[in-house]
$ cat data-v8.txt   # compact mmCIF, C-alpha atoms
# COMPACT_ATOMS: atom_id res chain seq x y z
CA MET A 1225 1.36 5.30 2.40
CA ASN A 1226 0.63 2.59 -0.18
CA HIS A 1227 -2.92 3.26 -1.36
CA THR A 1228 -3.16 0.73 -4.17
CA LEU A 1229 -3.66 -2.99 -3.90
CA ARG A 1230 -2.38 -4.90 -6.91
CA ILE A 1231 -3.13 -8.59 -6.59
CA SER A 1232 0.24 -9.90 -7.71
CA PRO A 1233 1.29 -13.57 -7.53
CA ARG A 1234 3.35 -12.62 -4.47
CA LEU A 1235 0.26 -11.28 -2.72
CA PHE A 1236 -1.72 -14.36 -3.80
CA ALA A 1237 0.92 -16.47 -2.03
CA LEU A 1238 1.31 -14.14 0.94
CA VAL A 1239 -2.35 -13.69 1.87
CA PRO A 1240 -3.14 -17.41 2.50
CA ALA A 1241 0.12 -17.74 4.46
CA ALA A 1242 -0.73 -14.69 6.60
CA VAL A 1243 -4.28 -15.88 7.26
CA ALA A 1244 -2.88 -19.27 8.25
CA ILE A 1245 -0.41 -17.46 10.57
CA ASN A 1246 -3.36 -15.66 12.21
CA LEU A 1247 -5.21 -18.91 12.77
CA VAL A 1248 -2.22 -21.04 13.83
CA VAL A 1249 -0.61 -18.45 16.16
CA GLY A 1250 -4.04 -18.02 17.78
CA THR A 1251 -4.11 -21.78 18.31
CA ILE A 1252 -0.55 -21.88 19.75
CA VAL A 1253 -1.48 -19.12 22.21
CA LYS A 1254 -4.60 -21.04 23.23
CA GLU A 1255 -2.59 -24.25 23.70
CA LEU A 1256 -0.10 -22.38 25.92
CA SER A 1257 -3.07 -20.90 27.85
CA LEU A 1258 -1.68 -17.35 27.57
CA PRO A 1259 -4.11 -14.55 28.50
CA VAL A 1260 -3.95 -12.88 25.03
CA PHE A 1261 -5.22 -13.73 21.50
CA LEU A 1262 -2.35 -12.71 19.14
CA ASP A 1263 -4.58 -13.69 16.21
CA THR A 1264 -3.63 -10.60 14.18
CA VAL A 1265 0.10 -11.27 13.67
CA GLY A 1266 -0.45 -12.18 9.98
CA THR A 1267 -2.59 -9.08 9.40
CA VAL A 1268 0.04 -6.72 10.82
CA LEU A 1269 2.87 -8.53 9.03
CA VAL A 1270 1.20 -8.17 5.61
CA ALA A 1271 0.16 -4.57 6.32
CA VAL A 1272 3.83 -3.75 6.89
CA LEU A 1273 5.09 -5.85 3.96
CA ALA A 1274 2.51 -4.93 1.32
CA GLY A 1275 0.37 -2.03 2.54
CA TRP A 1276 -2.77 -1.53 4.58
CA ARG A 1277 -5.17 -2.75 1.88
CA ALA A 1278 -3.38 -6.09 1.70
CA GLY A 1279 -3.46 -6.26 5.51
CA ALA A 1280 -7.18 -5.47 5.52
CA LEU A 1281 -7.70 -8.26 2.97
CA VAL A 1282 -5.85 -10.69 5.24
CA GLY A 1283 -7.94 -9.50 8.22
CA THR A 1284 -11.20 -9.94 6.32
CA VAL A 1285 -10.35 -13.42 5.03
CA SER A 1286 -9.11 -14.39 8.53
CA GLN A 1287 -12.34 -13.26 10.13
CA LEU A 1288 -14.40 -15.10 7.49
CA LEU A 1289 -12.42 -18.30 8.01
CA LEU A 1290 -12.48 -17.95 11.78
CA GLY A 1291 -16.26 -17.78 11.39
CA LEU A 1292 -16.14 -21.28 9.91
CA LEU A 1293 -14.49 -22.48 13.13
CA THR A 1294 -16.20 -20.43 15.82
CA GLY A 1295 -19.32 -18.99 14.15
CA TYR A 1296 -19.96 -15.65 12.43
CA GLN A 1297 -21.19 -13.84 15.55
CA TYR A 1298 -17.76 -12.16 15.86
CA LEU A 1299 -17.76 -10.80 12.30
CA PRO A 1300 -18.29 -7.14 13.41
CA PHE A 1301 -14.78 -7.28 14.92
CA VAL A 1302 -13.38 -7.37 11.38
CA VAL A 1303 -13.28 -3.56 11.74
CA ILE A 1304 -10.49 -4.02 14.32
CA GLN A 1305 -8.45 -5.95 11.75
CA TRP A 1306 -8.88 -3.09 9.24
CA LEU A 1307 -7.96 -0.45 11.81
CA LEU A 1308 -4.92 -2.39 13.00
CA SER A 1309 -3.81 -2.88 9.42
CA LEU A 1310 -4.09 0.86 8.79
CA LEU A 1311 -2.18 1.74 11.97
CA ALA A 1312 0.57 -0.84 11.34
CA SER A 1313 1.04 0.45 7.82
CA PHE A 1314 1.19 4.02 9.15
CA ALA A 1315 3.78 2.97 11.74
CA ALA A 1316 5.83 1.28 9.00
CA ASN A 1317 5.83 4.47 6.94
CA ARG A 1318 7.01 6.40 10.02
CA ARG A 1319 9.92 3.90 10.47
CA GLY A 1320 8.19 2.62 13.59
CA PHE A 1321 9.94 -0.76 13.51
CA THR A 1322 13.56 0.42 13.55
CA LYS A 1323 14.06 0.24 17.33
CA LEU A 1324 12.36 -1.81 20.03
CA TRP A 1325 11.21 1.23 22.02
CA ARG A 1326 9.60 2.77 18.92
CA THR A 1327 7.80 -0.50 18.20
CA VAL A 1328 6.56 -0.71 21.80
CA LEU A 1329 5.20 2.85 21.64
CA TRP A 1330 3.44 2.16 18.32
CA GLY A 1331 2.08 -1.07 19.81
CA ILE A 1332 0.60 0.76 22.79
CA ALA A 1333 -0.90 3.46 20.54
CA ALA A 1334 -2.40 0.88 18.16
CA GLY A 1335 -3.72 -1.14 21.11
CA ALA A 1336 -5.38 1.92 22.64
CA CYS A 1337 -7.08 2.83 19.32
CA CYS A 1338 -8.23 -0.76 18.71
CA GLY A 1339 -9.40 -1.09 22.32
CA ALA A 1340 -11.55 2.04 22.04
CA VAL A 1341 -13.21 0.85 18.81
CA SER A 1342 -13.49 -2.71 20.12
CA SER A 1343 -15.32 -1.51 23.24
CA VAL A 1344 -17.86 0.37 21.08
CA ILE A 1345 -18.49 -2.74 18.92
CA SER A 1346 -18.63 -4.96 21.98
CA TYR A 1347 -21.10 -2.66 23.75
CA TYR A 1348 -23.45 -1.95 20.85
CA PHE A 1349 -23.45 -5.38 19.17
CA PHE A 1350 -23.09 -7.65 22.20
CA GLY A 1351 -23.99 -5.54 25.23
CA GLY A 1352 -20.39 -6.05 26.36
CA ILE A 1353 -20.68 -9.85 26.47
CA THR A 1354 -18.60 -11.55 23.79
CA GLY A 1355 -17.85 -14.77 25.65
CA GLY A 1356 -14.06 -14.40 25.68
CA GLY A 1357 -11.70 -13.55 28.53
CA VAL A 1358 -12.63 -9.85 28.15
CA SER A 1359 -16.19 -10.67 29.24
CA TRP A 1360 -14.93 -12.11 32.53
CA VAL A 1361 -12.97 -8.88 33.14
CA VAL A 1362 -16.20 -6.94 32.40
CA THR A 1363 -18.15 -9.20 34.80
CA GLY A 1364 -15.55 -8.62 37.52
CA LEU A 1365 -15.67 -4.85 37.05
CA ARG A 1366 -19.49 -4.88 37.06
CA SER A 1367 -19.58 -6.86 40.30
CA LEU A 1368 -17.23 -4.20 41.79
CA GLY A 1369 -19.86 -1.57 40.94
CA ALA A 1370 -18.61 -0.13 37.62
CA SER A 1371 -21.26 0.88 35.08
CA GLN A 1372 -21.68 -1.40 32.06
CA PRO A 1373 -20.20 1.06 29.47
CA MET A 1374 -17.24 1.83 31.75
CA ALA A 1375 -16.61 -1.87 32.49
CA VAL A 1376 -16.71 -2.70 28.76
CA PHE A 1377 -14.39 0.20 27.88
CA VAL A 1378 -11.81 -0.64 30.56
CA GLY A 1379 -11.98 -4.39 29.83
CA SER A 1380 -11.61 -4.03 26.04
CA SER A 1381 -8.97 -1.29 26.18
CA SER A 1382 -6.70 -3.01 28.69
CA THR A 1383 -6.76 -6.37 26.90
CA ASP A 1384 -6.29 -4.78 23.47
CA ILE A 1385 -3.33 -2.65 24.57
CA LEU A 1386 -1.63 -5.82 25.81
CA ASP A 1387 -2.68 -7.98 22.85
CA LYS A 1388 -2.06 -5.59 19.94
CA GLY A 1389 1.05 -4.21 21.64
CA ILE A 1390 2.58 -7.70 21.76
CA VAL A 1391 1.52 -8.37 18.14
CA ILE A 1392 3.31 -5.26 16.87
CA VAL A 1393 6.43 -6.01 18.92
CA VAL A 1394 6.47 -9.61 17.61
CA VAL A 1395 6.14 -8.38 14.01
CA GLY A 1396 8.98 -5.93 14.67
CA PHE A 1397 11.24 -8.82 15.74
CA VAL A 1398 10.24 -10.86 12.68
CA LEU A 1399 10.90 -7.95 10.30
CA ARG A 1400 14.33 -7.28 11.78
CA SER A 1401 15.26 -10.95 11.46
CA LEU A 1402 13.99 -11.43 7.89
CA PRO A 1403 16.65 -12.42 5.36
CA ARG A 1404 17.67 -9.54 3.06
CA ARG A 1405 16.56 -11.65 0.07
CA ILE A 1406 12.92 -11.43 1.24
CA LEU A 1407 13.08 -7.95 2.78
CA GLY A 1408 14.46 -6.59 -0.50
CA ARG A 1409 11.21 -7.54 -2.24
CA PHE A 1410 9.13 -5.43 0.14
CA PRO A 1411 10.42 -1.83 0.06
CA MET A 1412 7.87 -0.67 2.62
CA ALA A 1413 9.07 -3.26 5.15
CA ALA A 1414 12.71 -2.39 4.44
CA ARG A 1415 11.91 1.27 5.16
CA ALA A 1416 9.99 0.28 8.31
CA VAL A 1417 13.08 -1.35 9.82
CA GLY A 1418 15.42 1.31 8.43
CA LYS A 1419 17.33 -0.94 5.98
CA MET B 248 -21.80 -39.59 4.72
CA ASN B 249 -23.86 -38.33 1.76
CA SER B 250 -26.19 -36.01 3.65
CA LEU B 251 -28.83 -33.76 2.11
CA ALA B 252 -26.57 -30.72 2.51
CA ARG B 253 -23.59 -32.45 0.84
CA GLN B 254 -25.74 -33.43 -2.16
CA ALA B 255 -26.97 -29.83 -2.51
CA HIS B 256 -25.23 -27.23 -4.65
CA PRO B 257 -22.56 -25.42 -2.53
CA PHE B 258 -24.33 -22.08 -3.02
CA THR B 259 -27.60 -23.46 -1.59
CA ALA B 260 -26.17 -24.18 1.86
CA GLY B 261 -24.46 -20.77 1.83
CA THR B 262 -27.67 -18.96 0.87
CA VAL B 263 -29.71 -20.70 3.58
CA THR B 264 -27.00 -19.85 6.15
CA LEU B 265 -26.96 -16.20 5.11
CA ALA B 266 -30.77 -16.07 5.19
CA LEU B 267 -30.85 -17.47 8.75
CA VAL B 268 -28.21 -14.96 9.87
CA ALA B 269 -30.14 -12.09 8.23
CA LEU B 270 -33.41 -13.20 9.89
CA ALA B 271 -31.67 -13.39 13.29
CA LEU B 272 -30.52 -9.79 12.86
CA VAL B 273 -33.91 -8.53 11.63
CA PHE B 274 -36.23 -10.19 14.20
CA PRO B 275 -36.66 -7.79 17.13
CA THR B 276 -38.08 -9.80 20.06
CA ALA B 277 -36.97 -12.79 22.09
CA ALA B 278 -39.99 -14.93 21.09
CA GLU B 279 -39.09 -14.66 17.38
CA THR B 280 -35.37 -15.29 17.80
CA VAL B 281 -35.98 -18.28 20.11
CA VAL B 282 -38.34 -19.82 17.50
CA LEU B 283 -35.76 -19.08 14.77
CA TYR B 284 -33.11 -20.90 16.84
CA GLY B 285 -35.41 -23.93 16.95
CA VAL B 286 -35.95 -23.70 13.18
CA THR B 287 -32.17 -23.45 12.63
CA ILE B 288 -31.57 -26.60 14.68
CA VAL B 289 -34.27 -28.49 12.76
CA ILE B 290 -32.87 -27.39 9.37
CA ALA B 291 -29.32 -28.34 10.40
CA LEU B 292 -30.41 -31.77 11.66
CA LEU B 293 -32.53 -32.46 8.57
CA ALA B 294 -29.65 -31.42 6.32
CA GLY B 295 -27.27 -33.79 8.14
CA ALA B 296 -25.23 -31.04 9.81
CA GLY B 297 -25.81 -32.14 13.42
CA ALA B 298 -22.11 -31.54 14.22
CA GLY B 299 -22.73 -27.83 13.60
CA VAL B 300 -25.55 -27.79 16.17
CA ARG B 301 -23.28 -29.34 18.81
CA ARG B 302 -20.39 -26.99 18.02
CA GLY B 303 -22.77 -24.02 17.99
CA LEU B 304 -23.97 -24.94 21.47
CA VAL B 305 -20.37 -25.18 22.72
CA ALA B 306 -19.60 -21.76 21.15
CA VAL B 307 -22.55 -19.93 22.71
CA LEU B 308 -22.67 -21.62 26.11
CA PRO B 309 -20.09 -19.25 27.72
CA ILE B 310 -21.98 -16.28 26.25
CA TRP B 311 -25.27 -17.54 27.72
CA ILE B 312 -23.65 -17.91 31.16
CA LEU B 313 -22.21 -14.37 31.00
CA LEU B 314 -25.50 -12.95 29.69
CA PHE B 315 -27.28 -14.54 32.63
CA ILE B 316 -24.84 -13.12 35.19
CA LEU B 317 -24.46 -9.64 33.69
CA LYS B 318 -27.96 -8.96 32.36
CA CYS B 319 -30.28 -11.11 34.50
CA VAL B 320 -28.54 -11.15 37.90
CA LEU B 321 -26.61 -7.84 37.83
CA GLY B 322 -28.96 -6.03 35.39
CA ASP B 323 -30.88 -2.82 36.15
CA GLY B 324 -34.65 -2.14 35.97
CA PRO B 325 -37.72 -3.74 37.57
CA ARG B 326 -37.06 -7.10 39.24
CA MET B 327 -38.98 -10.36 38.83
CA ALA B 328 -38.93 -13.43 41.07
CA ALA B 329 -36.51 -16.16 40.02
CA PRO B 330 -37.89 -19.75 40.16
CA TRP B 331 -35.14 -20.76 42.65
CA GLY B 332 -35.64 -17.72 44.94
CA GLY B 333 -34.13 -14.24 44.71
CA THR B 334 -34.83 -11.82 41.88
CA LEU B 335 -33.77 -11.18 38.29
CA SER B 336 -33.87 -8.03 36.17
CA GLN B 337 -36.97 -8.24 33.93
CA PRO B 338 -35.59 -6.21 30.99
CA GLY B 339 -32.30 -8.07 31.50
CA VAL B 340 -34.01 -11.46 31.09
CA GLU B 341 -35.77 -10.29 27.89
CA TRP B 342 -32.54 -8.85 26.47
CA ALA B 343 -30.53 -11.95 27.41
CA LEU B 344 -33.08 -14.28 25.78
CA SER B 345 -33.23 -12.20 22.62
CA GLN B 346 -29.45 -11.67 22.31
CA GLY B 347 -28.60 -15.22 23.44
CA SER B 348 -30.87 -16.86 20.87
CA ARG B 349 -29.79 -14.40 18.13
CA LEU B 350 -26.12 -15.27 18.66
CA ALA B 351 -27.04 -18.97 18.88
CA VAL B 352 -28.75 -18.80 15.46
CA ILE B 353 -25.71 -17.09 13.90
CA ALA B 354 -23.24 -19.53 15.49
CA THR B 355 -25.29 -22.65 14.74
CA ALA B 356 -26.06 -21.68 11.13
CA SER B 357 -22.44 -20.79 10.34
CA LEU B 358 -20.94 -23.83 12.09
CA ALA B 359 -23.48 -26.15 10.44
CA PHE B 360 -22.45 -24.63 7.09
CA ALA B 361 -18.78 -25.13 7.99
CA SER B 362 -19.37 -28.79 8.88
CA ILE B 363 -20.63 -29.56 5.36
CA PHE B 364 -18.44 -27.07 3.42
CA ASP B 365 -16.37 -28.73 0.69
CA PRO B 366 -13.71 -26.31 -0.67
CA HIS B 367 -13.20 -28.31 -3.90
CA ARG B 368 -16.92 -28.29 -4.81
CA PHE B 369 -17.13 -24.60 -3.89
CA LEU B 370 -14.20 -23.74 -6.17
CA GLN B 371 -15.72 -25.74 -9.03
CA ALA B 372 -19.12 -24.04 -8.53
CA ALA B 373 -17.47 -20.59 -8.41
CA ILE B 374 -15.55 -21.25 -11.65
CA ALA B 375 -18.69 -22.59 -13.37
CA ARG B 376 -20.55 -19.41 -12.36
CA ARG B 377 -17.71 -17.18 -13.67
CA TRP B 378 -17.02 -15.76 -10.22
CA PRO B 379 -13.70 -13.90 -9.93
CA PHE B 380 -11.16 -16.72 -9.82
CA GLY B 381 -8.89 -14.80 -7.44
CA ALA B 382 -11.49 -14.64 -4.67
CA ALA B 383 -12.36 -18.34 -4.91
CA PHE B 384 -8.66 -19.28 -5.13
CA LEU B 385 -7.82 -17.20 -2.03
CA LEU B 386 -10.45 -19.01 0.04
CA VAL B 387 -9.37 -22.50 -1.00
CA ALA B 388 -5.62 -21.72 -0.85
CA THR B 389 -6.08 -20.30 2.64
CA LEU B 390 -7.86 -23.40 3.91
CA ASP B 391 -5.04 -25.48 2.46
CA ALA B 392 -2.38 -23.19 3.99
CA ALA B 393 -4.06 -23.29 7.41
CA ASP B 394 -3.99 -27.11 7.39
CA ARG B 395 -0.35 -27.18 6.27
CA LEU B 396 0.83 -24.57 8.76
CA GLY B 397 -1.11 -26.26 11.57
CA GLU B 398 0.75 -29.50 10.80
CA GLN B 399 4.09 -27.58 10.72
CA ALA B 400 3.27 -25.98 14.08
CA HIS B 401 2.61 -29.42 15.55
CA GLN B 402 5.92 -30.81 14.21
CA LEU B 403 7.75 -27.73 15.44
CA ARG B 404 6.31 -28.07 18.93
CA GLU B 405 7.42 -31.70 19.12
CA ALA B 406 10.89 -30.76 17.82
CA GLN B 407 11.27 -27.94 20.35
CA ARG B 408 10.09 -30.18 23.18
CA THR B 409 12.81 -32.70 22.34
CA ARG B 410 15.28 -29.78 22.60
CA GLY B 411 14.02 -29.08 26.12
CA VAL B 412 11.45 -26.32 25.57
CA ARG B 413 8.68 -26.70 28.14
CA VAL B 414 5.17 -25.83 26.97
CA THR B 415 3.42 -26.43 30.28
CA GLY B 416 3.99 -25.09 33.79
CA SER B 417 3.98 -21.57 35.18
CA MET B 418 3.01 -18.50 33.16
CA ALA B 419 6.71 -17.49 32.85
CA THR B 420 7.60 -20.94 31.45
CA ARG B 421 4.79 -20.81 28.88
CA VAL B 422 5.67 -17.24 27.85
CA ARG B 423 9.30 -18.32 27.31
CA ALA B 424 8.11 -21.20 25.10
CA PHE B 425 6.12 -18.87 22.84
CA PRO B 426 8.99 -17.32 20.77
CA ALA B 427 10.58 -20.75 20.28
CA LEU B 428 7.32 -22.03 18.80
CA MET B 429 6.32 -18.98 16.82
CA PHE B 430 9.36 -17.32 15.21
CA PRO B 431 10.54 -20.37 13.21
CA LEU B 432 6.97 -20.84 12.00
CA LEU B 433 6.61 -17.22 10.87
CA LEU B 434 9.95 -17.15 9.07
CA ALA B 435 9.31 -20.53 7.41
CA SER B 436 5.87 -19.49 6.16
CA LEU B 437 7.20 -16.21 4.73
CA THR B 438 10.03 -17.99 2.91
CA GLU B 439 7.58 -20.59 1.61
CA ALA B 440 5.18 -17.86 0.39
CA ASP B 441 8.05 -16.34 -1.59
CA ASP B 442 8.75 -19.66 -3.34
CA ARG B 443 5.04 -20.29 -3.88
CA ALA B 444 4.63 -16.91 -5.62
CA LEU B 445 7.04 -18.04 -8.31
CA ALA B 446 5.17 -21.34 -8.72
CA LEU B 447 1.83 -19.53 -9.07
CA GLU B 448 3.22 -17.15 -11.68
CA THR B 449 4.70 -19.95 -13.78
CA ARG B 450 1.38 -21.86 -13.65
CA GLY B 451 -0.57 -18.98 -15.17
CA LEU B 452 -2.49 -17.71 -12.15
CA MET B 453 -2.51 -14.17 -13.51
CA ILE B 454 -3.82 -15.10 -16.97
CA GLN B 455 -7.11 -13.30 -17.61
CA GLY B 456 -10.18 -14.86 -19.24
CA PRO B 457 -12.77 -17.54 -18.46
CA ARG B 458 -11.68 -20.83 -16.88
CA THR B 459 -13.27 -24.22 -17.31
CA ALA B 460 -14.60 -26.10 -14.29
CA VAL B 461 -13.43 -29.71 -14.45
CA ASP B 462 -16.20 -31.13 -12.27
CA PRO B 463 -18.94 -28.51 -11.67
CA PRO B 464 -21.61 -29.50 -9.11
CA THR B 465 -25.14 -29.94 -10.48
CA ASP B 466 -27.48 -27.03 -9.80
CA ARG B 467 -30.83 -28.86 -9.52
CA VAL B 468 -34.30 -27.29 -9.62
CA ILE B 469 -34.75 -28.00 -5.90
CA ASP B 470 -31.53 -26.05 -5.17
CA ARG B 471 -32.77 -23.02 -7.08
CA VAL B 472 -36.21 -23.24 -5.39
CA VAL B 473 -34.61 -23.38 -1.91
CA ARG B 474 -32.36 -20.38 -2.68
CA TRP B 475 -35.26 -18.29 -3.99
CA LEU B 476 -37.43 -19.31 -1.01
CA ALA B 477 -34.70 -18.24 1.42
CA LEU B 478 -34.29 -14.89 -0.34
CA THR B 479 -38.08 -14.29 -0.48
CA CYS B 480 -38.38 -15.14 3.21
CA VAL B 481 -35.73 -12.55 4.15
CA ILE B 482 -37.31 -9.86 1.92
CA CYS B 483 -40.77 -10.50 3.43
CA VAL B 484 -39.46 -10.27 7.01
CA VAL B 485 -37.54 -7.06 6.23
CA ILE B 486 -40.70 -5.49 4.72
CA TRP B 487 -42.74 -6.61 7.76
CA ARG B 488 -40.11 -5.16 10.11
CA VAL B 489 -39.99 -1.82 8.27
CA ARG B 490 -43.79 -1.49 8.20
CA SER B 491 -44.39 -2.53 11.86

$ encode --input "data-v8.txt" --output "structure tokens"
Amino acid sequence: MNHTLRISPRLFALVPAAVAINLVVGTIVKELSLPVFLDTVGTVLVAVLAGWRAGALVGTVSQLLLGLLTGYQYLPFVVIQWLLSLLASFAANRRGFTKLWRTVLWGIAAGACCGAVSSVISYYFFGGITGGGVSWVVTGLRSLGASQPMAVFVGSSSTDILDKGIVIVVVGFVLRSLPRRILGRFPMAARAVGK
Amino acid sequence: MNSLARQAHPFTAGTVTLALVALALVFPTAAETVVLYGVTIVIALLAGAGAGVRRGLVAVLPIWILLFILKCVLGDGPRMAAPWGGTLSQPGVEWALSQGSRLAVIATASLAFASIFDPHRFLQAAIARRWPFGAAFLLVATLDAADRLGEQAHQLREAQRTRGVRVTGSMATRVRAFPALMFPLLLASLTEADDRALALETRGLMIQGPRTAVDPPTDRVIDRVVRWLALTCVICVVIWRVRS
């Protein structure tokens, strides 16, 4: 795994683009009224292209900028961006983006891990009420008689498996369709797709 | 509009925002956080950041509704009479008030800061203070990239719609529209980043050493006093919280 983060001109150009991807894809999803967020596509993409530290940097800057648009109350969820970056980078090193089925499996695994951590953050920082679609799932489960911790865990895990799973699959498609000229400059990404 | 906050040094607004967020996290009870929310609104209005107050309210309103349902109506513990009949959970009401106002302070303070944030002045202030140029550059370049990519996304959506892609309708229709809107955008931004890297390298981004701010904002005495007051206030509250 790539453990060093050298801020090269390429990374200086890539990080703003990836953060913008996070923000803009999130907006497209909202405009299409899809029941997911997909606001971590840029984070996963950079984690696979340039290593988990670069991905974590993208995640942190994204969360800080998102705070300028929606408020900094969601800042604790930056941990999810770091974890996802780490998992995506790990998947890339294990050639997890070579085939669709491998990408789907890595997506589900990453979603389950992120969902578990997300439910802990959601429960301890917000009492399970974050104001997003997940909170309505939690409210529904509570009204059906589930305990608060259980409702938060099920709500966060199920939405994160779907959300992060789709993100990783989308990044897999993008990586496989990248021109060789660009892929050749990112050896980790080339290895991830088996080229 | 040349509001009080826009005249201030960029670090002053940031420091006051951070202080309000810190106080919201340190204050333990509902009474204190509700008062702090009031103080935050007054500061934002006085500083000319009323847009932040409105946007903060919009951001926290769904959370307040959910807090009411989950903690007050469905909450456990001793019950108290609701003014409209029925009962509410007493600890739930206290928790909802405390958490609701705490989140409202954080949202309002940060959105008020965002409404008066000027990336150019911030970059100039950061260079004048000898902050790491890379960090300041990343922030400003990202804001610029987000605007540019947002505009590209809009153009792309219009182009795809003229080709027959439908962005409204059933869930299946909207899901089908998603790849057509997203993949060209992702590939274009990656290609552009590659070209931009070359431009940054040729313009000396990686050159080490101090840089000169072309137009540094004035750091007045009042700015320094406000920043020190905010810091002192947070330290005093933390000491009070630790000792109580």

$ closest_residue --input "data-v8.txt" --among "A:Ser1286, A:Thr1264, A:Gln1297, A:Thr1327" --to "chain B" --atoms "all atoms listed in the file"
A:Gln1297

$ residues_around --input "data-v8.txt" --residues "segment 426-439 of chain B" --least-positions-apart "3" --cutoff "8 Å" --atoms "all atoms listed in the file" --output "list in words"
Leu1238, Ala1241, Ile1245, Val1249, Ile1252, Val1398, Leu1402 and Ile1406 of chain A; Leu396, Gln399, Ala400, Leu403, Arg404, Gln407, Val412, Val422, Arg423, Asp442 and Arg443 of chain B

$ closest_residue --input "data-v8.txt" --among "B:Gly324, B:Gln371, B:Thr355, B:Gly381" --to "Ile454 of chain B" --atoms "all atoms listed in the file"
B:Gly381

$ residues_around --input "data-v8.txt" --residues "segment 1378-1393 of chain A" --least-positions-apart "3" --cutoff "7 Å" --atoms "only C-alpha atoms" --output "PyMOL selection string"
chain A and resi 1260-1262+1264-1265+1327-1328+1331-1332+1334-1336+1338-1340+1342-1343+1358+1361-1362+1374-1375+1396-1397

$ closest_residue --input "data-v8.txt" --among "B:Ala343, B:Ala328, B:Leu478, B:Leu335" --to "Gly261 of chain B" --atoms "all atoms listed in the file"
B:Leu478

$ atom_distance --input "data-v8.txt" --atom1 "atom CA of Arg1400 of chain A" --atom2 "atom CA of Ala1333 of chain A"
20.6 Å

$ closest_residue --input "data-v8.txt" --among "B:Arg377, B:Arg301, B:Arg450, B:Arg467" --to "His256 of chain B" --atoms "all atoms listed in the file"
B:Arg467

$ residues_around --input "data-v8.txt" --residues "Leu370 of chain B" --least-positions-apart "5" --cutoff "8 Å" --atoms "all atoms listed in the file" --output "short mmCIF file (atom, residue, chain, number, x, y, z; two decimals) with C-alpha atoms, in the coordinates of the input"
data_model
loop_
_atom_site.label_atom_id
_atom_site.label_comp_id
_atom_site.auth_asym_id
_atom_site.auth_seq_id
_atom_site.Cartn_x
_atom_site.Cartn_y
_atom_site.Cartn_z
CA ALA B 383 -12.36 -18.34 -4.91
CA PHE B 384 -8.66 -19.28 -5.13
CA VAL B 387 -9.37 -22.50 -1.00
#

$ axis_aligned_box --input "data-v8.txt" --around "segment 1274-1280 of chain A" --padding-each-side "4 Å" --output "JSON"
{"center_x": -2.3, "center_y": -3.9, "center_z": 3.4, "size_x": 17.7, "size_y": 12.7, "size_z": 12.2}

$ atom_distance --input "data-v8.txt" --atom1 "atom CA of Gly1418 of chain A" --atom2 "atom CA of Asp1263 of chain A"
26.2 Å

$ residues_around --input "data-v8.txt" --residues "Leu251 of chain B" --least-positions-apart "6" --cutoff "10 Å" --atoms "only C-alpha atoms" --output "PyMOL selection string"
chain B and resi 260+291-296+363

$ closest_residue --input "data-v8.txt" --among "B:Ser362, B:Thr334, B:Thr479, B:Thr280" --to "Val300 of chain B" --atoms "only C-alpha atoms"
B:Ser362
